[in-house]
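*Asks:* Here you go, my_file01.cif (mmCIF, C-alpha atoms (C1' of nucleotides)):
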data_entry
#
loop_
_atom_site.group_PDB
_atom_site.id
_atom_site.type_symbol
_atom_site.label_atom_id
_atom_site.label_comp_id
_atom_site.auth_asym_id
_atom_site.auth_seq_id
_atom_site.Cartn_x
_atom_site.Cartn_y
_atom_site.Cartn_z
ATOM 1 C CA MET A 1 0.000 0.000 0.000
ATOM 2 C CA PRO A 2 2.231 2.753 -1.273
ATOM 3 C CA GLU A 3 1.869 5.959 0.696
ATOM 4 C CA LEU A 4 4.583 8.566 1.190
ATOM 5 C CA PRO A 5 7.085 6.350 3.096
ATOM 6 C CA GLU A 6 6.874 3.521 0.575
ATOM 7 C CA VAL A 7 7.197 5.930 -2.353
ATOM 8 C CA GLU A 8 10.171 7.719 -0.785
ATOM 9 C CA THR A 9 11.825 4.371 -0.094
ATOM 10 C CA SER A 10 11.263 3.340 -3.714
ATOM 11 C CA ARG A 11 12.743 6.626 -4.881
ATOM 12 C CA ARG A 12 15.909 6.153 -2.849
ATOM 13 C CA ARG A 13 16.191 2.564 -4.016
ATOM 14 C CA ILE A 14 16.007 3.356 -7.731
ATOM 15 C CA GLU A 15 18.136 6.475 -7.438
ATOM 16 C CA LYS A 16 20.924 4.386 -5.947
ATOM 17 C CA ALA A 17 20.621 1.915 -8.812
ATOM 18 C CA LEU A 18 20.394 4.453 -11.639
ATOM 19 C CA LYS A 19 22.081 7.737 -10.721
ATOM 20 C CA GLY A 20 24.971 8.665 -12.970
ATOM 21 C CA LYS A 21 24.237 5.823 -15.345
ATOM 22 C CA VAL A 22 23.139 5.673 -18.961
ATOM 23 C CA ILE A 23 19.967 3.767 -19.747
ATOM 24 C CA ALA A 24 20.800 1.117 -22.323
ATOM 25 C CA GLU A 25 17.480 -0.622 -22.783
ATOM 26 C CA VAL A 26 13.850 -0.096 -21.806
ATOM 27 C CA ILE A 27 11.406 -2.968 -22.043
ATOM 28 C CA PRO A 28 7.765 -1.982 -21.549
ATOM 29 C CA ASP A 29 4.602 -4.017 -21.909
ATOM 30 C CA PHE A 30 3.505 -2.604 -25.263
ATOM 31 C CA ASP A 31 -0.040 -3.903 -24.806
ATOM 32 C CA ASP A 32 -0.608 -2.014 -21.572
ATOM 33 C CA HIS A 33 -2.645 1.120 -22.260
ATOM 34 C CA ILE A 34 -3.733 1.498 -18.655
ATOM 35 C CA VAL A 35 -0.435 1.995 -16.863
ATOM 36 C CA PHE A 36 0.811 3.870 -19.964
ATOM 37 C CA ASP A 37 -2.324 6.007 -20.106
ATOM 38 C CA GLN A 38 -0.929 9.294 -21.441
ATOM 39 C CA ALA A 39 2.397 8.552 -23.046
ATOM 40 C CA SER A 40 2.491 5.263 -24.951
ATOM 41 C CA ALA A 41 4.911 2.494 -24.047
ATOM 42 C CA GLU A 42 6.766 3.332 -27.280
ATOM 43 C CA GLU A 43 7.115 6.972 -26.271
ATOM 44 C CA VAL A 44 8.398 6.073 -22.817
ATOM 45 C CA LYS A 45 10.930 3.716 -24.314
ATOM 46 C CA ALA A 46 12.129 6.376 -26.774
ATOM 47 C CA ALA A 47 12.370 9.030 -24.060
ATOM 48 C CA LEU A 48 14.513 6.885 -21.761
ATOM 49 C CA GLU A 49 16.852 4.893 -23.959
ATOM 50 C CA GLY A 50 20.251 6.530 -24.287
ATOM 51 C CA ALA A 51 19.540 9.125 -21.605
ATOM 52 C CA LYS A 52 21.717 9.603 -18.533
ATOM 53 C CA VAL A 53 20.064 9.606 -15.099
ATOM 54 C CA LEU A 54 21.059 12.702 -13.141
ATOM 55 C CA GLY A 55 18.915 12.001 -10.073
ATOM 56 C CA SER A 56 15.351 11.672 -8.845
ATOM 57 C CA ALA A 57 12.688 13.596 -6.983
ATOM 58 C CA ARG A 58 9.387 13.008 -5.242
ATOM 59 C CA LYS A 59 6.333 14.961 -4.180
ATOM 60 C CA GLY A 60 3.455 13.299 -2.401
ATOM 61 C CA LYS A 61 3.015 9.861 -3.946
ATOM 62 C CA TYR A 62 4.599 10.816 -7.287
ATOM 63 C CA LEU A 63 8.248 10.275 -8.097
ATOM 64 C CA TRP A 64 10.280 10.984 -11.193
ATOM 65 C CA LEU A 65 13.708 10.577 -12.703
ATOM 66 C CA LYS A 66 15.770 13.561 -13.768
ATOM 67 C CA LEU A 67 17.485 12.828 -17.066
ATOM 68 C CA ASP A 68 20.036 14.748 -19.088
ATOM 69 C CA ARG A 69 17.286 15.452 -21.607
ATOM 70 C CA LYS A 70 13.524 15.967 -21.599
ATOM 71 C CA PRO A 71 10.904 14.655 -21.166
ATOM 72 C CA TRP A 72 11.310 12.886 -17.840
ATOM 73 C CA PRO A 73 9.467 9.769 -16.641
ATOM 74 C CA VAL A 74 6.968 10.193 -13.801
ATOM 75 C CA PHE A 75 5.764 7.244 -11.728
ATOM 76 C CA HIS A 76 2.744 6.727 -9.504
ATOM 77 C CA LEU A 77 2.529 3.384 -7.718
ATOM 78 C CA GLY A 78 -1.253 3.380 -7.365
ATOM 79 C CA MET A 79 -2.369 0.808 -4.824
ATOM 80 C CA THR A 80 -0.203 -2.171 -5.670
ATOM 81 C CA GLY A 81 2.690 -0.751 -7.661
ATOM 82 C CA ASP A 82 6.325 -1.261 -6.729
ATOM 83 C CA LEU A 83 9.787 -0.453 -8.051
ATOM 84 C CA GLU A 84 12.244 -3.301 -7.695
ATOM 85 C CA VAL A 85 15.966 -3.253 -8.222
ATOM 86 C CA SER A 86 18.446 -5.898 -9.274
ATOM 87 C CA THR A 87 22.168 -5.239 -9.421
ATOM 88 C CA LYS A 88 22.911 -8.379 -11.352
ATOM 89 C CA LYS A 89 21.642 -9.240 -14.804
ATOM 90 C CA GLY A 90 18.668 -11.456 -15.173
ATOM 91 C CA PHE A 91 15.220 -10.019 -14.589
ATOM 92 C CA VAL A 92 12.668 -11.774 -16.738
ATOM 93 C CA LYS A 93 9.303 -10.206 -17.247
ATOM 94 C CA ALA A 94 6.175 -12.264 -16.956
ATOM 95 C CA TRP A 95 2.742 -10.864 -17.677
ATOM 96 C CA GLY A 96 -0.571 -12.175 -16.437
ATOM 97 C CA GLY A 97 -1.120 -14.655 -13.634
ATOM 98 C CA PRO A 98 0.775 -17.540 -12.046
ATOM 99 C CA LYS A 99 0.453 -19.748 -15.133
ATOM 100 C CA HIS A 100 2.569 -17.309 -17.108
ATOM 101 C CA TRP A 101 5.204 -17.318 -14.395
ATOM 102 C CA GLU A 102 5.423 -21.074 -14.421
ATOM 103 C CA ALA A 103 5.871 -21.054 -18.173
ATOM 104 C CA ALA A 104 8.572 -18.405 -17.943
ATOM 105 C CA ARG A 105 10.279 -20.288 -15.168
ATOM 106 C CA ALA A 106 10.232 -23.471 -17.216
ATOM 107 C CA ARG A 107 11.936 -21.672 -20.092
ATOM 108 C CA ASN A 108 14.715 -20.267 -17.940
ATOM 109 C CA LYS A 109 15.218 -21.734 -14.489
ATOM 110 C CA GLU A 110 18.127 -19.476 -13.604
ATOM 111 C CA THR A 111 16.304 -16.203 -14.012
ATOM 112 C CA ARG A 112 14.172 -14.349 -11.571
ATOM 113 C CA ILE A 113 10.516 -13.999 -12.500
ATOM 114 C CA LEU A 114 8.896 -10.602 -12.148
ATOM 115 C CA PRO A 115 5.135 -10.981 -11.807
ATOM 116 C CA TYR A 116 3.086 -8.196 -13.346
ATOM 117 C CA CYS A 117 6.098 -6.306 -14.641
ATOM 118 C CA ARG A 118 5.038 -3.282 -16.728
ATOM 119 C CA LEU A 119 8.439 -1.759 -17.429
ATOM 120 C CA ARG A 120 12.090 -2.722 -17.076
ATOM 121 C CA ILE A 121 14.965 -0.252 -17.214
ATOM 122 C CA VAL A 122 18.425 -1.688 -17.861
ATOM 123 C CA THR A 123 21.574 0.435 -17.569
ATOM 124 C CA LYS A 124 24.775 0.042 -19.516
ATOM 125 C CA ASP A 125 26.488 -1.586 -16.528
ATOM 126 C CA GLY A 126 23.704 -4.131 -16.086
ATOM 127 C CA SER A 127 21.704 -2.669 -13.198
ATOM 128 C CA GLU A 128 17.970 -3.149 -13.551
ATOM 129 C CA VAL A 129 14.884 -1.418 -12.241
ATOM 130 C CA ALA A 130 11.439 -2.877 -12.755
ATOM 131 C CA PHE A 131 8.022 -1.308 -12.273
ATOM 132 C CA THR A 132 5.505 -3.967 -11.247
ATOM 133 C CA ASP A 133 1.788 -3.513 -10.622
ATOM 134 C CA PRO A 134 -0.757 -6.367 -10.490
ATOM 135 C CA ARG A 135 -3.848 -4.157 -10.320
ATOM 136 C CA ARG A 136 -2.757 -1.470 -12.711
ATOM 137 C CA PHE A 137 -3.812 1.605 -10.759
ATOM 138 C CA GLY A 138 -0.219 2.743 -11.098
ATOM 139 C CA ARG A 139 0.839 5.120 -13.889
ATOM 140 C CA ILE A 140 3.954 5.744 -15.963
ATOM 141 C CA ARG A 141 3.918 9.101 -17.726
ATOM 142 C CA LEU A 142 6.220 11.654 -19.327
ATOM 143 C CA ALA A 143 6.561 15.311 -18.367
ATOM 144 C CA GLU A 144 8.756 18.227 -19.399
ATOM 145 C CA ASP A 145 8.663 19.790 -15.940
ATOM 146 C CA PRO A 146 6.945 17.411 -13.491
ATOM 147 C CA GLU A 147 6.908 19.710 -10.482
ATOM 148 C CA ASN A 148 5.195 22.527 -12.353
ATOM 149 C CA GLU A 149 2.658 20.510 -14.323
ATOM 150 C CA ALA A 150 -0.601 18.911 -13.201
ATOM 151 C CA PRO A 151 -1.146 16.692 -11.312
ATOM 152 C CA ILE A 152 2.012 17.285 -9.257
ATOM 153 C CA SER A 153 1.601 21.062 -9.310
ATOM 154 C CA LYS A 154 -1.837 20.606 -7.685
ATOM 155 C CA LEU A 155 -0.458 18.777 -4.679
ATOM 156 C CA GLY A 156 -0.450 20.409 -1.274
ATOM 157 C CA PHE A 157 2.200 20.268 1.444
ATOM 158 C CA ASP A 158 4.582 17.337 1.414
ATOM 159 C CA PRO A 159 5.471 16.589 5.068
ATOM 160 C CA LEU A 160 9.062 15.739 4.101
ATOM 161 C CA LEU A 161 9.615 18.827 1.948
ATOM 162 C CA LYS A 162 7.758 21.844 3.303
ATOM 163 C CA PHE A 163 5.093 21.909 5.973
ATOM 164 C CA PRO A 164 3.050 24.750 7.510
ATOM 165 C CA THR A 165 3.327 25.842 11.127
ATOM 166 C CA ALA A 166 0.636 24.747 13.570
ATOM 167 C CA LEU A 167 -0.840 28.237 13.424
ATOM 168 C CA LYS A 168 -1.075 28.239 9.641
ATOM 169 C CA LEU A 169 -2.408 24.691 9.591
ATOM 170 C CA GLY A 170 -5.111 25.696 12.057
ATOM 171 C CA GLU A 171 -6.212 28.508 9.769
ATOM 172 C CA ILE A 172 -6.486 26.100 6.855
ATOM 173 C CA LEU A 173 -8.410 23.435 8.776
ATOM 174 C CA GLU A 174 -10.789 26.045 10.153
ATOM 175 C CA LYS A 175 -12.211 26.485 6.658
ATOM 176 C CA ARG A 176 -12.785 22.787 6.001
ATOM 177 C CA ARG A 177 -16.185 21.296 6.781
ATOM 178 C CA ALA A 178 -15.434 17.646 5.993
ATOM 179 C CA PRO A 179 -14.482 15.045 8.617
ATOM 180 C CA ILE A 180 -10.799 15.344 9.546
ATOM 181 C CA LYS A 181 -10.175 11.854 8.159
ATOM 182 C CA ALA A 182 -11.360 12.950 4.709
ATOM 183 C CA VAL A 183 -9.292 16.153 4.889
ATOM 184 C CA LEU A 184 -6.151 14.210 5.804
ATOM 185 C CA LEU A 185 -6.620 12.198 2.608
ATOM 186 C CA ASP A 186 -6.900 15.337 0.462
ATOM 187 C CA GLN A 187 -3.725 15.335 -1.659
ATOM 188 C CA GLY A 188 -4.305 19.020 -2.395
ATOM 189 C CA LEU A 189 -3.541 19.656 1.269
ATOM 190 C CA PHE A 190 -1.524 16.743 2.720
ATOM 191 C CA ALA A 191 0.437 15.321 -0.214
ATOM 192 C CA GLY A 192 1.480 11.740 0.405
ATOM 193 C CA VAL A 193 -0.914 10.891 3.223
ATOM 194 C CA GLY A 194 -2.934 7.739 2.547
ATOM 195 C CA ASN A 195 -5.418 5.616 4.403
ATOM 196 C CA TRP A 196 -3.217 3.966 6.989
ATOM 197 C CA ILE A 197 -1.218 7.110 7.783
ATOM 198 C CA ALA A 198 -4.413 9.118 8.257
ATOM 199 C CA ASP A 199 -5.766 6.514 10.689
ATOM 200 C CA GLU A 200 -2.436 6.298 12.505
ATOM 201 C CA VAL A 201 -2.210 10.079 12.910
ATOM 202 C CA LEU A 202 -5.722 10.310 14.352
ATOM 203 C CA PHE A 203 -5.109 7.336 16.641
ATOM 204 C CA GLN A 204 -1.888 8.740 18.031
ATOM 205 C CA SER A 205 -3.254 12.239 18.457
ATOM 206 C CA GLY A 206 -6.468 11.050 20.111
ATOM 207 C CA ILE A 207 -8.865 12.589 17.598
ATOM 208 C CA SER A 208 -12.003 10.890 16.269
ATOM 209 C CA PRO A 209 -12.002 10.530 12.463
ATOM 210 C CA HIS A 210 -15.587 11.814 12.418
ATOM 211 C CA ARG A 211 -14.721 15.223 13.860
ATOM 212 C CA LEU A 212 -15.148 18.051 11.368
ATOM 213 C CA ALA A 213 -11.772 19.582 10.551
ATOM 214 C CA SER A 214 -13.154 23.014 11.469
ATOM 215 C CA SER A 215 -13.965 21.821 14.981
ATOM 216 C CA LEU A 216 -10.375 21.022 15.966
ATOM 217 C CA LYS A 217 -8.932 23.125 18.773
ATOM 218 C CA ALA A 218 -5.439 24.614 18.488
ATOM 219 C CA VAL A 219 -3.965 22.012 20.822
ATOM 220 C CA GLU A 220 -5.473 19.236 18.698
ATOM 221 C CA VAL A 221 -4.139 20.738 15.477
ATOM 222 C CA GLY A 222 -0.724 20.882 17.118
ATOM 223 C CA ALA A 223 -0.893 17.234 18.164
ATOM 224 C CA LEU A 224 -2.084 16.160 14.725
ATOM 225 C CA ARG A 225 0.720 18.054 13.019
ATOM 226 C CA THR A 226 3.393 16.678 15.347
ATOM 227 C CA LYS A 227 2.174 13.091 14.965
ATOM 228 C CA LEU A 228 1.843 13.378 11.189
ATOM 229 C CA LEU A 229 5.461 14.471 10.897
ATOM 230 C CA SER A 230 6.833 11.954 13.403
ATOM 231 C CA ILE A 231 4.961 8.992 11.892
ATOM 232 C CA ILE A 232 6.141 9.761 8.371
ATOM 233 C CA ARG A 233 9.735 10.417 9.447
ATOM 234 C CA LYS A 234 9.834 7.204 11.454
ATOM 235 C CA ALA A 235 8.348 5.129 8.610
ATOM 236 C CA VAL A 236 10.839 6.583 6.122
ATOM 237 C CA SER A 237 13.767 6.103 8.526
ATOM 238 C CA VAL A 238 13.159 2.345 8.615
ATOM 239 C CA GLY A 239 12.717 2.126 4.846
ATOM 240 C CA ALA A 240 8.935 1.579 5.117
ATOM 241 C CA ASP A 241 9.662 -1.832 6.606
ATOM 242 C CA TYR A 242 6.466 -2.597 8.524
ATOM 243 C CA ASP A 243 8.224 -4.967 10.903
ATOM 244 C CA HIS A 244 10.208 -2.025 12.215
ATOM 245 C CA TYR A 245 7.284 0.256 12.962
ATOM 246 C CA PRO A 246 6.822 0.692 16.731
ATOM 247 C CA ALA A 247 4.696 -2.014 18.364
ATOM 248 C CA SER A 248 2.363 0.645 19.767
ATOM 249 C CA TRP A 249 1.225 1.746 16.299
ATOM 250 C CA LEU A 250 -2.347 1.022 15.253
ATOM 251 C CA PHE A 251 -0.849 -0.057 11.927
ATOM 252 C CA HIS A 252 -0.176 -3.572 13.197
ATOM 253 C CA TYR A 253 -3.753 -4.132 14.310
ATOM 254 C CA ARG A 254 -5.885 -2.197 11.825
ATOM 255 C CA TRP A 255 -6.122 -4.682 8.985
ATOM 256 C CA GLY A 256 -9.099 -6.905 8.536
ATOM 257 C CA LYS A 257 -12.435 -6.286 10.099
ATOM 258 C CA ALA A 258 -12.441 -8.965 12.749
ATOM 259 C CA LYS A 259 -14.940 -8.031 15.429
ATOM 260 C CA GLU A 260 -12.432 -8.930 18.068
ATOM 261 C CA ALA A 261 -9.752 -6.585 16.674
ATOM 262 C CA VAL A 262 -7.915 -4.837 19.505
ATOM 263 C CA THR A 263 -4.820 -2.654 19.960
ATOM 264 C CA HIS A 264 -1.668 -3.697 21.799
ATOM 265 C CA ARG A 265 -3.390 -2.469 24.948
ATOM 266 C CA LYS A 266 -6.509 -4.542 24.219
ATOM 267 C CA GLU A 267 -8.609 -1.508 23.313
ATOM 268 C CA LYS A 268 -11.449 -2.250 20.904
ATOM 269 C CA ILE A 269 -10.898 -1.199 17.268
ATOM 270 C CA THR A 270 -13.934 0.009 15.323
ATOM 271 C CA HIS A 271 -14.193 0.021 11.518
ATOM 272 C CA ASP A 272 -16.297 2.787 9.924
ATOM 273 C CA THR A 273 -16.447 4.297 6.466
ATOM 274 C CA VAL A 274 -15.296 7.932 6.561
ATOM 275 C CA GLY A 275 -14.462 10.019 3.517
ATOM 276 C CA GLY A 276 -15.368 6.992 1.429
ATOM 277 C CA ARG A 277 -12.617 4.858 2.984
ATOM 278 C CA THR A 278 -12.516 2.132 5.579
ATOM 279 C CA THR A 279 -11.356 3.761 8.782
ATOM 280 C CA ALA A 280 -9.957 1.907 11.774
ATOM 281 C CA TRP A 281 -10.155 3.789 15.053
ATOM 282 C CA VAL A 282 -10.363 3.359 18.805
ATOM 283 C CA PRO A 283 -13.379 5.168 20.337
ATOM 284 C CA THR A 284 -12.084 4.776 23.890
ATOM 285 C CA ARG A 285 -9.005 6.739 22.952
ATOM 286 C CA GLN A 286 -10.112 9.073 20.143
ATOM 287 C CA LYS A 287 -12.538 11.867 21.013
ATOM 288 C "C1'" DC B 1 -19.915 -16.143 -6.453
ATOM 289 C "C1'" DT B 2 -19.494 -11.840 -3.906
ATOM 290 C "C1'" DC B 3 -17.040 -8.219 -2.233
ATOM 291 C "C1'" DA B 4 -13.317 -5.531 0.306
ATOM 292 C "C1'" DG B 5 -9.386 -2.948 -0.538
ATOM 293 C "C1'" DT B 6 -5.863 0.063 -2.307
ATOM 294 C "C1'" DG B 7 -5.431 5.899 -4.726
ATOM 295 C "C1'" DT B 8 -7.078 9.082 -8.108
ATOM 296 C "C1'" DT B 9 -10.341 11.091 -11.129
ATOM 297 C "C1'" DC B 10 -14.657 12.545 -12.498
ATOM 298 C "C1'" DA B 11 -19.670 13.123 -12.291
ATOM 299 C "C1'" DG B 12 -23.125 14.555 -9.315
ATOM 300 C "C1'" DT B 13 -24.980 17.123 -5.258
ATOM 301 C "C1'" DG B 14 -25.524 20.905 -2.228
ATOM 302 C "C1'" DT C 1 -17.636 28.714 -8.101
ATOM 303 C "C1'" DC C 2 -16.548 26.013 -4.378
ATOM 304 C "C1'" DA C 3 -16.624 22.008 -1.107
ATOM 305 C "C1'" DC C 4 -17.707 17.699 -0.609
ATOM 306 C "C1'" DT C 5 -19.423 12.754 -1.681
ATOM 307 C "C1'" DG C 6 -19.469 8.564 -3.983
ATOM 308 C "C1'" DA C 7 -18.819 5.649 -7.940
ATOM 309 C "C1'" DA C 8 -15.648 3.846 -11.290
ATOM 310 C "C1'" DC C 9 -11.381 2.118 -12.523
ATOM 311 C "C1'" DA C 10 -8.328 -3.314 -12.491
ATOM 312 C "C1'" DC C 11 -7.459 -7.058 -10.132
ATOM 313 C "C1'" DT C 12 -6.497 -10.423 -6.319
ATOM 314 C "C1'" DG C 13 -7.720 -13.022 -2.618
ATOM 315 C "C1'" DA C 14 -10.639 -14.001 1.284
#
Now, as a test, write the supplied structure out as structure tokens.
*Replies:*
Amino acid sequence: MPELPEVETSRRRIEKALKGKVIAEVIPDFDDHIVFDQASAEEVKAALEGAKVLGSARKGKYLWLKLDRKPWPVFHLGMTGDLEVSTKKGFVKAWGGPKHWEAARARNKETRILPYCRLRIVTKDGSEVAFTDPRRFGRIRLAEDPENEAPISKLGFDPLLKFPTALKLGEILEKRRAPIKAVLLDQGLFAGVGNWIADEVLFQSGISPHRLASSLKAVEVGALRTKLLSIIRKAVSVGADYDHYPASWLFHYRWGKAKEAVTHRKEKITHDTVGGRTTAWVPTRQK
DNA sequence: CTCAGTGTTCAGTG
DNA sequence: TCACTGAACACTGA
């Protein structure tokens, strides 16, 4: 479930594999018009092959490569997208379901199978990056100036880049009539926040997801801001490795809708739909 | 077989 | 015009 920490971790991973290198070959799935919804697979291939990777950048859940020529590729991981790296030669793409993987495996036992691979990038020195996405809500696009073009230009504050003071944030939330959970998910305000981070922030700051954003008191806005920043920084610092998130986080207990779901302190977890999304929260702790 | 679950966009409502 | 809601999108897995 790629939210800001997973996307930032992916960015660092592929930057390490590609920075300073020349892209030798790009292998897209030419039949995929969903992931390649604006630029065609052919156009992406043409834009990347032969270009040198200068670096990478990210805002919210979007990331992009900076090349020594335009346009640049922009990636969104959607709900199930991922960017994998191999430093040794030998990724093999396999489209479709498990049957395709078995067939590919049978053809070449030595090579790693990449389920649902949409794009492979191979550098001159043999490093490989692969974009995989089973459910195809992810997107691969091209842009001349990603940061200043829609949709990235429409994003709000990225908690890792620039974030408003508690005072300023309070002024913004005062004008919003939707439940705070829905406002936290608004990418035009909190770029990079997704469903689990929003729930975690509200859990840790003791605020009910149903509260209207405009009803939050200054002290609550301050707590929400502090928790939002600390949760994202912590998740990024451990490379979005869920096993290393603190045991006290709701994250470990929120999945599934088991009636008996409880926190690490045995508090009852309730599942409601807020802002159109399943919301896990703890009524005894969140007011 | 049905449906939840992921994030974004777009149509519809107020 | 603006703010907000809810469905649609593709697909797996429970």
*Asks:* Find the residues in chain A near chain C: any atom within 9 Å counts, using all atoms listed in the file. Write them as number ranges by chain.
*Replies:* A: 134-137, 176-178, 275-276
*Asks:* If I take atom CA of A:Leu173 and atom CA of A:Ser214, how far is one from the other in Å, to one decimal?
*Replies:*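 Atom CA of A:Ser214 lies at a distance of 5.5 Å from atom CA of A:Leu173.
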*Asks:* Please build the interface table for chain A against chain B with a cut-off of 10 Å, listing for each qualifying residue the nearest atom pair and the distance in Å to one decimal; count all atoms listed in the file, order rows by chain and increasing number, and write it as a Markdown table.
*Replies:*
| residue | atom | partner | partner_atom | distance |
| --- | --- | --- | --- | --- |
| A:Met1 | CA | B:DT6 | C1' | 6.3 |
| A:Pro2 | CA | B:DT6 | C1' | 8.6 |
| A:Glu3 | CA | B:DG7 | C1' | 9.1 |
| A:Lys61 | CA | B:DG7 | C1' | 9.4 |
| A:His76 | CA | B:DG7 | C1' | 9.5 |
| A:Leu77 | CA | B:DG7 | C1' | 8.9 |
| A:Gly78 | CA | B:DG7 | C1' | 5.5 |
| A:Met79 | CA | B:DT6 | C1' | 4.4 |
| A:Thr80 | CA | B:DT6 | C1' | 7.0 |
| A:Arg135 | CA | B:DT6 | C1' | 9.3 |
| A:Phe137 | CA | B:DG7 | C1' | 7.6 |
| A:Gly138 | CA | B:DG7 | C1' | 8.8 |
| A:Leu185 | CA | B:DG7 | C1' | 9.7 |
| A:Gln187 | CA | B:DT8 | C1' | 9.6 |
| A:Gly194 | CA | B:DG7 | C1' | 7.9 |
| A:Asn195 | CA | B:DT6 | C1' | 8.7 |
| A:Gly256 | CA | B:DA4 | C1' | 9.3 |
| A:Lys257 | CA | B:DA4 | C1' | 9.9 |
| A:Arg277 | CA | B:DG5 | C1' | 9.2 |
| A:Thr278 | CA | B:DG5 | C1' | 8.5 |
*Asks:* Once the PyMOL selection byres ((chain A and resi 213) around 10) has been evaluated on this model, what residues remain selected, and can you format them as a list in words?
*Replies:*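 That expression, the PyMOL selection byres ((chain A and resi 213) around 10), corresponds here to Gly170, Ile172, Leu173, Glu174, Lys175, Arg176, Arg177, Ala178, Pro179, Ile180, Lys181, Ala182, Val183, Leu184, Pro209, His210, Arg211, Leu212, Ser214, Ser215, Leu216, Lys217 and Val221 of chain A.
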*Asks:* Do a neighbour search on A:Leu189 at 8 Å with only C-alpha atoms (C1' of nucleotides), toss out local chain neighbours closer than 6 positions, and write the hits as a list of chain:residue names.
*Replies:*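 After dropping sequence-adjacent residues, the list is A:Leu155, A:Gly156, A:Phe157, A:Val183.
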*Asks:* Please enumerate the residues selected by the PyMOL selection byres ((chain A and resi 119-127) around 9) when evaluated against the supplied file, formatted as an mmCIF file with C-alpha atoms, keeping the file's coordinate frame.
*Replies:*
data_model
loop_
_atom_site.group_PDB
_atom_site.id
_atom_site.type_symbol
_atom_site.label_atom_id
_atom_site.label_comp_id
_atom_site.auth_asym_id
_atom_site.auth_seq_id
_atom_site.Cartn_x
_atom_site.Cartn_y
_atom_site.Cartn_z
ATOM 1 C CA ALA A 17 20.621 1.915 -8.812
ATOM 2 C CA LEU A 18 20.394 4.453 -11.639
ATOM 3 C CA LYS A 21 24.237 5.823 -15.345
ATOM 4 C CA VAL A 22 23.139 5.673 -18.961
ATOM 5 C CA ILE A 23 19.967 3.767 -19.747
ATOM 6 C CA ALA A 24 20.800 1.117 -22.323
ATOM 7 C CA GLU A 25 17.480 -0.622 -22.783
ATOM 8 C CA VAL A 26 13.850 -0.096 -21.806
ATOM 9 C CA ILE A 27 11.406 -2.968 -22.043
ATOM 10 C CA PRO A 28 7.765 -1.982 -21.549
ATOM 11 C CA ASP A 29 4.602 -4.017 -21.909
ATOM 12 C CA ALA A 41 4.911 2.494 -24.047
ATOM 13 C CA LEU A 48 14.513 6.885 -21.761
ATOM 14 C CA GLU A 49 16.852 4.893 -23.959
ATOM 15 C CA VAL A 85 15.966 -3.253 -8.222
ATOM 16 C CA SER A 86 18.446 -5.898 -9.274
ATOM 17 C CA THR A 87 22.168 -5.239 -9.421
ATOM 18 C CA LYS A 88 22.911 -8.379 -11.352
ATOM 19 C CA LYS A 89 21.642 -9.240 -14.804
ATOM 20 C CA GLY A 90 18.668 -11.456 -15.173
ATOM 21 C CA PHE A 91 15.220 -10.019 -14.589
ATOM 22 C CA LYS A 93 9.303 -10.206 -17.247
ATOM 23 C CA CYS A 117 6.098 -6.306 -14.641
ATOM 24 C CA ARG A 118 5.038 -3.282 -16.728
ATOM 25 C CA GLU A 128 17.970 -3.149 -13.551
ATOM 26 C CA VAL A 129 14.884 -1.418 -12.241
ATOM 27 C CA ALA A 130 11.439 -2.877 -12.755
ATOM 28 C CA PHE A 131 8.022 -1.308 -12.273
ATOM 29 C CA THR A 132 5.505 -3.967 -11.247
ATOM 30 C CA ILE A 140 3.954 5.744 -15.963
#
